[in-house]
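Beneath this line is the structure, given in structure tokens, with notes to follow.
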Amino acid sequence: MKRATREVEYEQMLLSRHGLLAHRKGRRKDGLLERSAYILLSRIRVQGPMSVGELSEAFDLDVSTLNRQTAAVMRAGFVERIPDPDGGMARKFRITEKGVKTLDAEREGMVTSLQQVMADWPDEDISAFAGYLRRFNTDIEGLAGRPWPRP
């Protein structure tokens, strides 16, 4: 078991270095979105408007880090601040139409890259791999106590 776990660690390290998001064929090296913006917009899109405090808790990041990240996506026009729809005091961030379009384009580019990587894989292998990734991620989320909402 130790050997297999070491193999998973090593392969996960290699996966993180590939940067499919940043190295898609025919795209700028930096892609459309920074990795943090991609993840932030994805979370807000799935969960709905969120305050800095909610984002800080969801990502287990300092509020100052989230302030920098949300300021960057606001400057880019990907999110806007709105009053809390539930009547709370904190203002919340909501994804804009521009943010949705940019996130969709980024996601489609990622899917295209993954399709190129797995072009020779049988559908059953792709489904099994997706299931293992989901299980891996949900187990991490369970240990951390921070479940990620899925569409």
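Residues in the structure tokens are named by chain (A, B, ... in the order shown) and by number from 1 within that chain; ligands are numbered from 1 in the order shown.
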**OP:** Determine which residues of chain A receive a DSSP assignment of helix (DSSP H, G or I), computed from the backbone, and state them as an MDAnalysis selection string.
**Re:** chainID A and resid 2:18 35:47 52:59 63:75 97:117 123:144
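Residue-level DSSP output for stretch 11-102 of chain A, from the backbone, shows strand (DSSP E or B) at Met50, Val79, Glu80, Arg81, Ile82, Lys92, Phe93, Arg94 and Ile95 of chain A.
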**OP:** Identify which of the residues A:Leu33, A:Met50, A:Leu40, A:Ala72 lies closest to A:Gly109, counting only C-alpha atoms when measuring atom-to-atom distances.
**Re:**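 Closest to A:Gly109 of all the choices is A:Leu33.
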Original post:
If we count only C-alpha atoms, what is near A:Gly48 at a cut-off of 10 Å, once residues fewer than 2 positions away on the same chain are taken out, given as a PyMOL selection string?
Top reply: chain A and resi 41-46+50+92-95
Subject >> Distance of atom CA of A:Phe78 from atom CA of A:Lys101, expressed in Å to one decimal place >> reply: 9.0 Å
Subject >> Computed interatomic separation between atom CA of A:Val100 and atom CA of A:Val79 (Å) >> reply: 9.1 Å
Original post:
Using only C-alpha atoms, which of the listed residues (A:Glu141, A:Asp86, A:Asp60, A:Glu34) sits closest to A:Thr102?
Top reply: A:Glu34
**OP:** Using only C-alpha atoms, determine which residues lie at most 8 Å from stretch 125-138 of chain A, disregarding the query and same-chain residues fewer than 4 positions distant; provide the list as a ChimeraX atom specification.
**Re:** /A:118,121,142,147-148
Subject >> Shortest interatomic distance to A:Glu54 - which of A:Leu114, A:Arg107, A:Arg146, A:Glu7, counting only C-alpha atoms >> reply: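 Looking only at the distances to A:Glu54, the closest residue turns out to be A:Arg146.
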**OP:** Report the distance between atom CA of A:Asp62 and atom CA of A:Ser36 in Å, rounded to one decimal place.
**Re:**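 We find that atom CA of A:Asp62 and atom CA of A:Ser36 lie 13.8 Å from each other.
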